[in-house]
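Peer 1: What follows is protein.txt; its format and atoms are compact mmCIF, C-alpha atoms.
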```txt
# COMPACT_ATOMS: atom_id res chain seq x y z
CA MET A 876 3.95 -12.68 -19.03
CA SER A 877 6.48 -10.58 -20.87
CA ILE A 878 8.88 -7.75 -20.10
CA ALA A 879 9.64 -5.35 -22.93
CA ASP A 880 12.59 -3.03 -22.38
CA GLN A 881 15.28 -0.91 -23.95
CA LEU A 882 17.63 -1.23 -20.99
CA GLN A 883 21.30 -1.83 -21.70
CA ASP A 884 22.92 -4.71 -19.80
CA GLY A 885 25.26 -3.57 -17.09
CA SER A 886 26.34 -4.79 -13.69
CA GLY A 887 26.25 -2.90 -10.41
CA ARG A 888 22.65 -1.77 -10.76
CA ILE A 889 19.86 -2.16 -8.23
CA LEU A 890 16.22 -2.87 -9.07
CA LEU A 891 13.72 -1.12 -6.80
CA GLU A 892 10.27 -2.68 -6.57
CA GLY A 893 7.33 -0.61 -5.35
CA PHE A 894 4.09 -2.38 -6.18
CA PRO A 895 0.94 -1.18 -4.36
CA ASP A 896 0.95 -2.61 -0.87
CA VAL A 897 0.69 -1.59 2.82
CA GLY A 898 0.22 2.21 3.03
CA LEU A 899 1.29 2.46 -0.63
CA VAL A 900 4.76 3.05 0.83
CA GLY A 901 6.57 1.42 -2.11
CA VAL A 902 4.47 3.30 -4.69
CA ILE A 903 5.10 6.67 -3.03
CA ALA A 904 8.83 6.03 -2.45
CA VAL A 905 9.55 4.72 -5.94
CA SER A 906 7.44 7.39 -7.70
CA TYR A 907 9.27 10.06 -5.70
CA LEU A 908 12.65 8.59 -6.70
CA VAL A 909 11.65 8.40 -10.38
CA ASP A 910 10.68 12.07 -10.26
CA LYS A 911 13.58 13.25 -8.09
CA LEU A 912 16.29 11.36 -9.97
CA GLN A 913 14.59 12.01 -13.33
CA LEU A 914 14.62 8.35 -14.34
CA LYS A 915 13.37 7.64 -17.85
CA GLN A 916 10.84 4.97 -18.78
CA VAL A 917 12.78 2.07 -20.27
CA GLY A 918 10.17 -0.67 -20.44
CA TYR A 919 6.98 -2.27 -19.22
CA ILE A 920 5.50 -5.55 -18.02
CA ASP A 921 2.58 -7.10 -19.88
CA SER A 922 0.39 -10.10 -19.19
CA ASP A 923 -2.93 -11.59 -20.23
CA LEU A 924 -3.84 -11.50 -16.54
CA LEU A 925 -3.59 -7.71 -16.39
CA PRO A 926 -6.86 -5.83 -16.89
CA SER A 927 -7.39 -4.16 -20.24
CA ALA A 928 -6.44 -0.69 -19.05
CA VAL A 929 -3.91 2.02 -19.78
CA ALA A 930 -3.11 5.16 -17.83
CA VAL A 931 -3.23 8.61 -19.36
CA HIS A 932 -0.76 11.14 -17.94
CA ASP A 933 -0.36 14.60 -19.44
CA SER A 934 -2.35 13.45 -22.49
CA GLN A 935 0.05 10.55 -23.02
CA VAL A 936 -0.97 6.90 -22.96
CA ARG A 937 1.13 4.85 -20.56
CA GLU A 938 1.43 1.14 -19.72
CA ILE A 939 0.11 0.30 -16.26
CA VAL A 940 3.20 -1.59 -15.04
CA ARG A 941 6.23 0.44 -16.03
CA ILE A 942 10.00 0.16 -15.70
CA TYR A 943 12.17 3.26 -15.26
CA GLY A 944 15.92 3.43 -14.99
CA ASN A 945 19.36 4.87 -15.53
CA ASP A 946 22.91 3.48 -15.20
CA GLU A 947 22.55 3.18 -11.45
CA LEU A 948 18.96 2.34 -10.57
CA VAL A 949 16.07 0.52 -12.22
CA THR A 950 12.56 0.76 -10.78
CA VAL A 951 9.28 -1.00 -11.41
CA VAL A 952 5.96 0.64 -10.54
CA SER A 953 2.33 -0.21 -11.14
CA GLU A 954 -0.81 1.91 -11.46
CA ILE A 955 -2.89 -0.96 -10.07
CA PRO A 956 -2.44 -3.59 -7.36
CA LEU A 957 -1.17 -6.83 -8.89
CA PRO A 958 -3.93 -9.42 -9.36
CA ALA A 959 -3.31 -12.34 -6.97
CA SER A 960 -2.75 -14.71 -9.90
CA LEU A 961 0.07 -12.49 -11.22
CA VAL A 962 2.07 -12.25 -8.01
CA ARG A 963 4.20 -15.34 -8.56
CA PRO A 964 4.71 -14.98 -12.34
CA VAL A 965 5.76 -11.34 -11.90
CA ALA A 966 8.29 -12.18 -9.18
CA GLN A 967 9.74 -15.06 -11.19
CA SER A 968 9.89 -13.10 -14.44
CA LEU A 969 11.44 -10.07 -12.78
CA LEU A 970 14.27 -12.13 -11.28
CA ALA A 971 14.87 -13.99 -14.55
CA TRP A 972 14.98 -10.61 -16.29
CA CYS A 973 17.41 -9.24 -13.66
CA ALA A 974 19.75 -12.16 -14.36
CA VAL A 975 19.70 -11.37 -18.11
CA LYS A 976 20.21 -7.64 -17.51
CA LYS A 977 22.94 -8.34 -14.91
CA ILE A 978 21.10 -6.43 -12.21
CA ASP A 979 22.93 -7.42 -9.03
CA SER A 980 20.30 -6.94 -6.36
CA VAL A 981 16.63 -6.23 -5.87
CA ILE A 982 15.43 -3.94 -3.10
CA SER A 983 11.73 -4.06 -2.44
CA LEU A 984 10.31 -0.96 -0.75
CA GLY A 985 7.17 -1.15 1.35
CA GLY A 986 5.32 -0.77 4.60
CA LEU A 987 5.03 -2.95 7.66
CA PRO A 988 1.49 -2.68 9.10
CA GLU A 989 1.64 -0.87 12.45
CA PRO A 990 -1.67 -0.54 14.37
CA ASN A 991 -0.18 2.24 16.56
CA ARG A 992 1.12 4.26 13.59
CA LEU A 993 -0.85 7.31 14.77
CA ASP A 994 1.41 7.60 17.82
CA ILE A 995 4.67 7.15 15.89
CA GLU A 996 6.33 10.36 14.72
CA SER A 997 9.29 8.78 12.94
CA PRO A 998 8.59 5.24 11.67
CA LYS A 999 11.33 2.65 12.07
CA VAL A 1000 12.66 0.87 9.00
CA PHE A 1001 13.27 -2.88 8.97
CA VAL A 1002 15.33 -5.09 6.66
CA VAL A 1003 14.56 -8.62 5.53
CA ALA A 1004 17.01 -10.25 3.12
CA SER A 1005 17.20 -13.46 1.14
CA GLU A 1006 20.71 -14.11 2.39
CA LYS A 1007 22.28 -13.49 5.81
CA ASN A 1008 25.44 -11.61 4.72
CA PHE A 1009 23.48 -9.41 2.34
CA GLY A 1010 21.03 -8.68 5.16
CA GLU A 1011 23.88 -7.67 7.47
CA GLN A 1012 25.34 -5.40 4.79
CA MET A 1013 21.93 -3.77 4.37
CA VAL A 1014 21.58 -3.23 8.12
CA ASN A 1015 25.08 -1.74 8.37
CA LYS A 1016 24.67 0.57 5.39
CA THR A 1017 21.11 1.76 5.97
CA GLY A 1018 21.00 1.86 9.77
CA ALA A 1019 17.70 -0.04 9.59
CA GLN A 1020 16.87 -2.86 11.98
CA SER A 1021 16.77 -6.50 11.02
CA LEU A 1022 13.24 -7.95 11.18
CA LYS A 1023 13.63 -10.90 13.54
CA ASP A 1024 10.26 -12.66 13.25
CA GLY A 1025 7.15 -12.20 11.19
CA PHE A 1026 5.34 -13.04 7.98
CA ILE A 1027 5.91 -11.48 4.59
CA THR A 1028 3.28 -12.00 1.91
CA SER A 1029 2.45 -11.29 -1.71
CA VAL A 1030 5.05 -10.19 -4.28
CA LYS A 1031 7.62 -9.39 -1.58
CA ALA A 1032 7.40 -12.96 -0.26
CA GLU A 1033 7.75 -14.37 -3.77
CA LEU A 1034 10.80 -12.20 -4.48
CA LEU A 1035 12.46 -13.38 -1.26
CA ARG A 1036 11.62 -17.01 -1.95
CA GLU A 1037 12.91 -16.85 -5.52
CA GLY A 1038 15.96 -14.94 -4.32
CA VAL A 1039 16.86 -17.75 -1.92
CA ARG A 1040 16.34 -20.40 -4.62
CA ARG A 1041 18.25 -18.53 -7.34
CA ASN A 1042 20.94 -17.20 -4.99
CA HIS A 1043 20.04 -13.64 -6.02
CA ASN A 1044 20.40 -10.77 -3.53
CA ILE A 1045 16.95 -9.61 -2.51
CA ALA A 1046 16.13 -7.33 0.41
CA LEU A 1047 13.05 -5.62 1.69
CA LEU A 1048 13.14 -2.16 3.26
CA LEU A 1049 9.91 -1.86 5.24
CA ALA A 1050 8.83 1.15 7.29
CA GLN A 1051 6.18 1.03 10.00
CA ALA A 1052 3.07 2.28 8.22
CA HIS A 1053 -0.70 2.68 8.24
CA TYR A 1054 -2.13 -0.53 6.82
CA ASN A 1055 -4.78 1.00 4.57
CA TYR A 1056 -4.05 4.74 4.40
CA PRO A 1057 -1.41 6.17 2.06
CA ASP A 1058 1.62 6.89 4.23
CA PRO A 1059 4.11 9.43 2.75
CA GLY A 1060 5.81 9.74 6.17
CA ALA A 1061 6.73 6.05 6.08
CA ALA A 1062 7.80 6.36 2.43
CA ALA A 1063 10.15 9.22 3.37
CA GLN A 1064 11.88 6.99 5.94
CA VAL A 1065 12.34 4.27 3.34
CA VAL A 1066 13.81 6.79 0.88
CA LEU A 1067 16.23 8.00 3.57
CA SER A 1068 17.38 4.42 4.26
CA LEU A 1069 17.82 3.82 0.56
CA SER A 1070 19.81 7.02 0.11
CA LYS A 1071 22.30 5.73 2.71
CA LEU A 1072 22.50 2.43 0.84
CA ILE A 1073 23.32 4.00 -2.52
CA GLY A 1074 25.50 6.70 -0.95
CA ARG A 1075 23.54 9.53 -2.48
CA GLU A 1076 21.77 12.22 -0.51
CA ILE A 1077 18.07 12.45 -1.37
CA ASP A 1078 16.10 15.32 0.15
CA VAL A 1079 12.71 14.09 1.39
CA LYS A 1080 11.47 17.52 2.45
CA PRO A 1081 9.45 18.05 -0.75
CA LEU A 1082 7.80 14.66 -0.24
CA LEU A 1083 6.81 15.49 3.34
CA GLU A 1084 5.59 18.95 2.30
CA SER A 1085 3.31 17.47 -0.34
CA ALA A 1086 2.09 14.65 1.93
CA GLU A 1087 -1.51 15.88 2.10
CA GLU A 1088 -1.72 16.22 -1.68
CA VAL A 1089 -0.18 12.76 -2.20
CA LYS A 1090 -2.63 11.17 0.26
CA ILE A 1091 -5.66 12.68 -1.51
CA GLN A 1092 -4.34 11.73 -4.94
CA LEU A 1093 -3.82 8.11 -3.88
CA ARG A 1094 -7.21 7.53 -2.21
CA ASP A 1095 -8.62 5.45 -5.07
CA LEU A 1096 -5.51 3.32 -5.48
CA MET A 1097 -5.45 2.73 -1.71
CA ARG A 1098 -9.09 1.55 -1.78
CA ARG A 1099 -8.32 -0.94 -4.53
CA THR A 1100 -5.09 -2.02 -2.86
CA SER A 1101 -6.83 -2.63 0.49
CA GLU A 1102 -9.32 -4.89 -1.25
CA SER A 1103 -6.53 -6.69 -3.09
CA MET A 1104 -4.51 -7.13 0.12
CA HIS A 1105 -7.36 -9.17 1.62
CA ARG A 1106 -6.91 -11.64 -1.21
CA THR A 1107 -3.16 -12.03 -0.70
CA GLN A 1108 -3.50 -12.56 3.07
CA LYS A 1109 -1.65 -9.32 3.81
CA GLY A 1110 -3.15 -9.31 7.29
CA ARG A 1111 -0.75 -12.12 8.13
CA GLU A 1112 2.05 -9.57 8.34
CA MET A 1113 0.65 -8.59 11.72
CA GLU A 1114 0.90 -12.19 12.96
CA ALA A 1115 3.82 -14.11 14.43
CA PRO A 1116 5.01 -17.31 12.72
CA SER A 1117 3.43 -20.41 14.26
CA LEU A 1118 6.40 -22.77 14.25
CA TYR A 1119 9.35 -22.29 16.57
CA VAL A 1120 11.91 -24.25 14.48
CA MET B 129 -20.27 -30.41 -33.89
CA SER B 130 -19.03 -29.15 -30.59
CA ILE B 131 -15.64 -27.62 -30.09
CA TRP B 132 -14.04 -28.62 -26.81
CA ARG B 133 -10.94 -27.03 -25.48
CA LYS B 134 -9.18 -28.17 -22.32
CA ARG B 135 -9.24 -25.44 -19.69
CA SER B 136 -5.82 -24.58 -18.37
CA ILE B 137 -5.12 -23.46 -14.81
CA PHE B 138 -4.70 -19.95 -16.21
CA ASP B 139 -8.28 -19.99 -17.52
CA TRP B 140 -9.46 -20.76 -13.99
CA LEU B 141 -7.26 -18.09 -12.48
CA ARG B 142 -8.49 -15.52 -14.97
CA GLU B 143 -12.07 -16.44 -14.20
CA ILE B 144 -11.59 -16.15 -10.43
CA ASP B 145 -9.76 -12.85 -10.83
CA ARG B 146 -12.49 -11.52 -13.10
CA GLU B 147 -15.26 -12.47 -10.69
CA MET B 148 -13.51 -10.85 -7.73
CA GLU B 149 -12.62 -7.77 -9.74
CA HIS B 150 -16.22 -7.52 -10.85
CA GLU B 151 -17.49 -7.51 -7.24
CA ALA B 152 -14.84 -5.05 -6.11
CA ASP B 153 -15.55 -2.83 -9.11
CA ALA B 154 -19.22 -2.58 -8.14
CA VAL B 155 -18.24 -1.36 -4.67
CA PHE B 156 -15.78 1.22 -6.01
CA ARG B 157 -18.29 2.43 -8.58
CA HIS B 158 -20.87 3.01 -5.85
CA ILE B 159 -18.34 5.00 -3.83
CA LYS B 160 -17.46 7.20 -6.81
CA GLU B 161 -21.14 7.67 -7.70
CA ALA B 162 -21.93 8.66 -4.11
CA GLU B 163 -19.05 11.17 -4.25
CA VAL B 164 -20.31 12.71 -7.47
CA LEU B 165 -23.94 12.84 -6.29
CA SER B 166 -23.09 14.38 -2.92
CA GLY B 167 -20.27 16.51 -4.34
CA CYS B 168 -18.09 15.55 -1.36
CA MET B 169 -15.11 13.26 -0.88
CA ILE B 170 -15.76 10.02 1.00
CA PRO B 171 -12.64 9.50 3.09
CA LEU B 172 -10.90 6.18 3.68
CA TYR B 173 -11.88 4.78 7.06
CA ASP B 174 -11.45 1.76 9.28
CA VAL B 175 -13.40 0.41 12.25
CA THR B 176 -11.68 -1.77 14.85
CA GLU B 177 -13.40 -3.40 17.77
CA THR B 178 -11.72 -4.49 21.01
CA ASP B 179 -13.31 -6.12 24.07
CA SER B 180 -14.11 -2.78 25.59
CA GLU B 181 -14.24 -0.16 22.83
CA ILE B 182 -14.80 0.74 19.20
CA ILE B 183 -12.01 2.62 17.42
CA VAL B 184 -12.86 4.44 14.20
CA THR B 185 -10.04 5.99 12.17
CA ILE B 186 -10.70 8.25 9.19
CA ASP B 187 -7.99 9.40 6.78
CA MET B 188 -8.80 13.01 5.90
CA PRO B 189 -5.70 15.03 5.08
CA GLY B 190 -5.84 18.79 4.67
CA VAL B 191 -8.34 19.56 7.41
CA GLU B 192 -8.18 22.09 10.25
CA LYS B 193 -9.07 20.43 13.55
CA GLU B 194 -11.44 23.29 14.39
CA GLY B 195 -13.43 22.74 11.17
CA ILE B 196 -14.35 19.11 11.86
CA GLU B 197 -18.00 18.54 12.67
CA LEU B 198 -18.49 15.18 14.26
CA LYS B 199 -21.79 13.87 15.51
CA TRP B 200 -22.52 10.63 17.31
CA GLU B 201 -26.15 9.63 17.13
CA GLU B 202 -27.56 6.34 18.28
CA GLY B 203 -26.04 3.79 15.94
CA SER B 204 -24.19 6.16 13.63
CA LEU B 205 -21.27 8.55 13.37
CA THR B 206 -21.55 11.52 11.01
CA LEU B 207 -18.60 13.55 9.82
CA ASP B 208 -18.48 16.80 7.87
CA ALA B 209 -15.25 18.74 7.37
CA PRO B 210 -13.94 21.25 4.84
CA CYS B 211 -10.64 20.38 3.19
CA ARG B 212 -8.02 23.12 2.66
CA ALA B 213 -8.62 24.97 -0.60
CA LEU B 214 -5.01 24.71 -1.73
CA LEU B 215 -5.31 20.95 -2.13
CA PRO B 216 -6.31 19.59 -5.53
CA SER B 217 -9.82 18.28 -5.19
CA ALA B 218 -10.65 15.19 -7.21
CA ARG B 219 -12.67 15.67 -10.40
CA GLY B 220 -14.72 18.71 -9.54
CA LEU B 221 -15.78 17.57 -6.09
CA GLN B 222 -16.15 20.16 -3.36
CA ARG B 223 -13.21 20.42 -1.03
CA ARG B 224 -15.17 18.76 1.72
CA TYR B 225 -15.23 15.35 3.40
CA ARG B 226 -18.53 13.79 4.34
CA LEU B 227 -19.16 10.37 5.82
CA THR B 228 -21.88 8.55 7.74
CA LEU B 229 -20.96 5.28 9.39
CA GLY B 230 -23.33 2.76 10.92
CA LEU B 231 -21.99 1.50 14.26
CA PRO B 232 -23.05 -1.24 16.67
CA GLU B 233 -25.87 -0.29 19.07
CA ASN B 234 -23.91 -1.34 22.18
CA VAL B 235 -21.51 1.60 21.86
CA ASN B 236 -21.73 4.45 24.33
CA GLY B 237 -21.26 7.59 22.24
CA GLU B 238 -21.66 9.87 25.28
CA ASN B 239 -18.08 9.39 26.43
CA ALA B 240 -16.47 9.11 22.96
CA THR B 241 -13.15 10.91 22.48
CA ALA B 242 -11.59 12.14 19.24
CA ARG B 243 -8.17 13.35 18.14
CA TYR B 244 -6.82 14.50 14.77
CA ARG B 245 -3.19 13.77 14.07
CA ASN B 246 -1.14 13.88 10.86
CA GLY B 247 -4.26 13.85 8.71
CA VAL B 248 -5.96 10.97 10.51
CA LEU B 249 -8.98 11.38 12.79
CA GLU B 250 -9.37 8.79 15.52
CA VAL B 251 -12.61 8.36 17.47
CA ARG B 252 -12.78 6.01 20.45
CA ALA B 253 -15.94 5.02 22.29
CA SER B 254 -16.46 2.45 25.00
CA LYS B 255 -18.92 -0.37 24.70
CA ARG B 256 -21.79 -0.57 27.13
CA ALA B 257 -21.27 -3.30 29.71
CA GLY B 258 -23.48 -6.17 28.69
CA GLY B 259 -25.68 -7.99 31.16
CA GLY B 260 -25.30 -11.70 30.87
CA LYS B 261 -24.74 -14.32 33.49
CA ARG B 262 -21.31 -15.18 34.82
CA LEU B 263 -20.52 -18.86 34.41
CA MET B 264 -18.71 -20.72 37.15
CA ILE B 265 -15.78 -22.89 36.12
CA GLN B 266 -15.94 -26.34 37.74
```
Rewrite the coordinates I just gave you, this time as structure tokens.
Peer 2:
Amino acid sequence: MSIADQLQDGSGRILLEGFPDVGLVGVIAVSYLVDKLQLKQVGYIDSDLLPSAVAVHDSQVREIVRIYGNDELVTVVSEIPLPASLVRPVAQSLLAWCAVKKIDSVISLGGLPEPNRLDIESPKVFVVASEKNFGEQMVNKTGAQSLKDGFITSVKAELLREGVRRNHNIALLLAQAHYNYPDPGAAAQVVLSLSKLIGREIDVKPLLESAEEVKIQLRDLMRRTSESMHRTQKGREMEAPSLYV
Amino acid sequence: MSIWRKRSIFDWLREIDREMEHEADAVFRHIKEAEVLSGCMIPLYDVTETDSEIIVTIDMPGVEKEGIELKWEEGSLTLDAPCRALLPSARGLQRRYRLTLGLPENVNGENATARYRNGVLEVRASKRAGGGKRLMIQ
């Protein structure tokens, strides 16, 4: 696995992760931020375990796992769900790369599967962090709730685990979301929480106004992501942990 | 002379990934082919079963509630709905959703209810009470 980039080292930056996952919340939120904040592509992730595929946007060939950034934020997005065998290597390589690039913290954006999502007008956002003080800071700054009990799986779990081991600040911002339908409403809530964290107002009205278009555009990615989530035991996120210690 | 190379764990992982991708790809290809042949979008859907009812949800953004045609026939649910013209329709497909779902026979479609909210249609139908013999606990 390799990460190629033209990003200058510099402290104080945050990495936002938005790989395809529950409700494609991370994909929608991060793509919206890249567009809204006009972040430039600064690199990509490559691996032998990635399928031989490239994306074509506006007649331009693009890598499928791309890194965007500026002096304040760095984001990583993928056109495809990560193959199960790449989940751990990607998490480990990303954190090793963050250490080299002096990126202080990683915020992973995503959805928390909510079976009653249809009856929820404004999804709640929850925080899970690799370290208690960092988690409290996140709760205070974003106004999100701390997730008390539950399971986290896939790349988000690996980031948290590696964060604890490497003493790197990692936090998840998860909004209640449809499990297998693209959920721009949940993504908007995550963006709002993030905007409080970085102290920069981000208008989510355009995202909500284009929700129908976004949902239709992401149908195929959602189908593939749903299938991939079965393989990474994503359904566990609706279960409670078994042990009480 | 035979050339033997030790397989690494990554070779195994690649192989497993490839096999699963291959199976998934076949399913997605069939969906896309069905869309092209019918000229309609096949919406994302989910079927959940509880003790007493079947809950079908269908993600179909850009639809007017009044335009949804929903039919419950014995063992299947058929949906036909036009999608708003202002939405970009994928690759030359009509702006229309169409779906037929096979459902268990023990579902009573007569009293099914449906609601459309934030682009998601939800259909609920109760299961017919089964016969069976009540067992006494000793």
Peer 1: Contacts between region 968-975 of chain A and region 1023-1115 of chain A, please, where a residue of region 1023-1115 of chain A counts if it comes within 10 Å (with all atoms listed in the file); show its shortest atom pair and distance in Å to one decimal, rows by chain and ascending number, as CSV.
Peer 2:
```
residue,atom,partner,partner_atom,distance
A:Leu1034,CA,A:Leu970,CA,7.6
A:Glu1037,CA,A:Leu970,CA,7.6
A:Gly1038,CA,A:Leu970,CA,7.7
A:Arg1041,CA,A:Leu970,CA,8.5
A:His1043,CA,A:Leu970,CA,8.0
A:Asn1044,CA,A:Leu970,CA,10.0
A:Ile1045,CA,A:Leu970,CA,9.5
```
Peer 1: Counting only C-alpha atoms, which residues from chain B have an atom at most 12 Å from any atom of chain A, and could you show them as a PyMOL selection string?
Peer 2: chain B and resi 137-157+159-160+163+169-176+183+185-191+211-219+223-225+243-250
Peer 1: Show which residues sit within 7 Å of region 911-919 of chain A, as a PyMOL selection string. Count all atoms listed in the file, and ignore same-chain residues fewer than 5 positions away.
Peer 2: chain A and resi 878-882+938+940-945
Peer 1: Considering only C-alpha atoms, can you say which of A:Val931, A:Ile1027, A:Leu1035, A:Ala1063 comes closest to Val897 (chain A)?
Peer 2: A:Ile1027
Peer 1: Write out as a VMD selection string the residues lying within 12 Å of Glu1011 (chain A), counting all atoms listed in the file and excluding same-chain residues fewer than 2 positions away.
Peer 2: chain A and resid 1001 to 1009 1013 to 1022 1044 1046
Peer 1: Suppose you want the space between CA of Leu198 (chain B) and CA of Arg256 (chain B); what is it in Å?
Peer 2: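 Taking CA of Leu198 (chain B) and CA of Arg256 (chain B), their separation equals 20.6 Å.
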Peer 1: CA of Ala209 (chain B) to CA of Gly195 (chain B): how many Å, to one decimal?
Peer 2: 5.8 Å
Peer 1: Env of Asn234 (chain B): 10 Å cut, atoms = only C-alpha atoms, seq-sep filter 3 positions within chain, self excluded. Answer as a list in words.
Peer 2: Glu181, Ile182, Glu202, Gly203, Leu231, Gly237, Ser254, Lys255, Arg256, Ala257 and Gly258 of chain B
Peer 1: Work out how far apart CA of Ile889 (chain A) and CA of Gly985 (chain A) are and give it in Å to one decimal.
Peer 2: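 Interatomic distance, CA of Ile889 (chain A) to CA of Gly985 (chain A): 15.9 Å.
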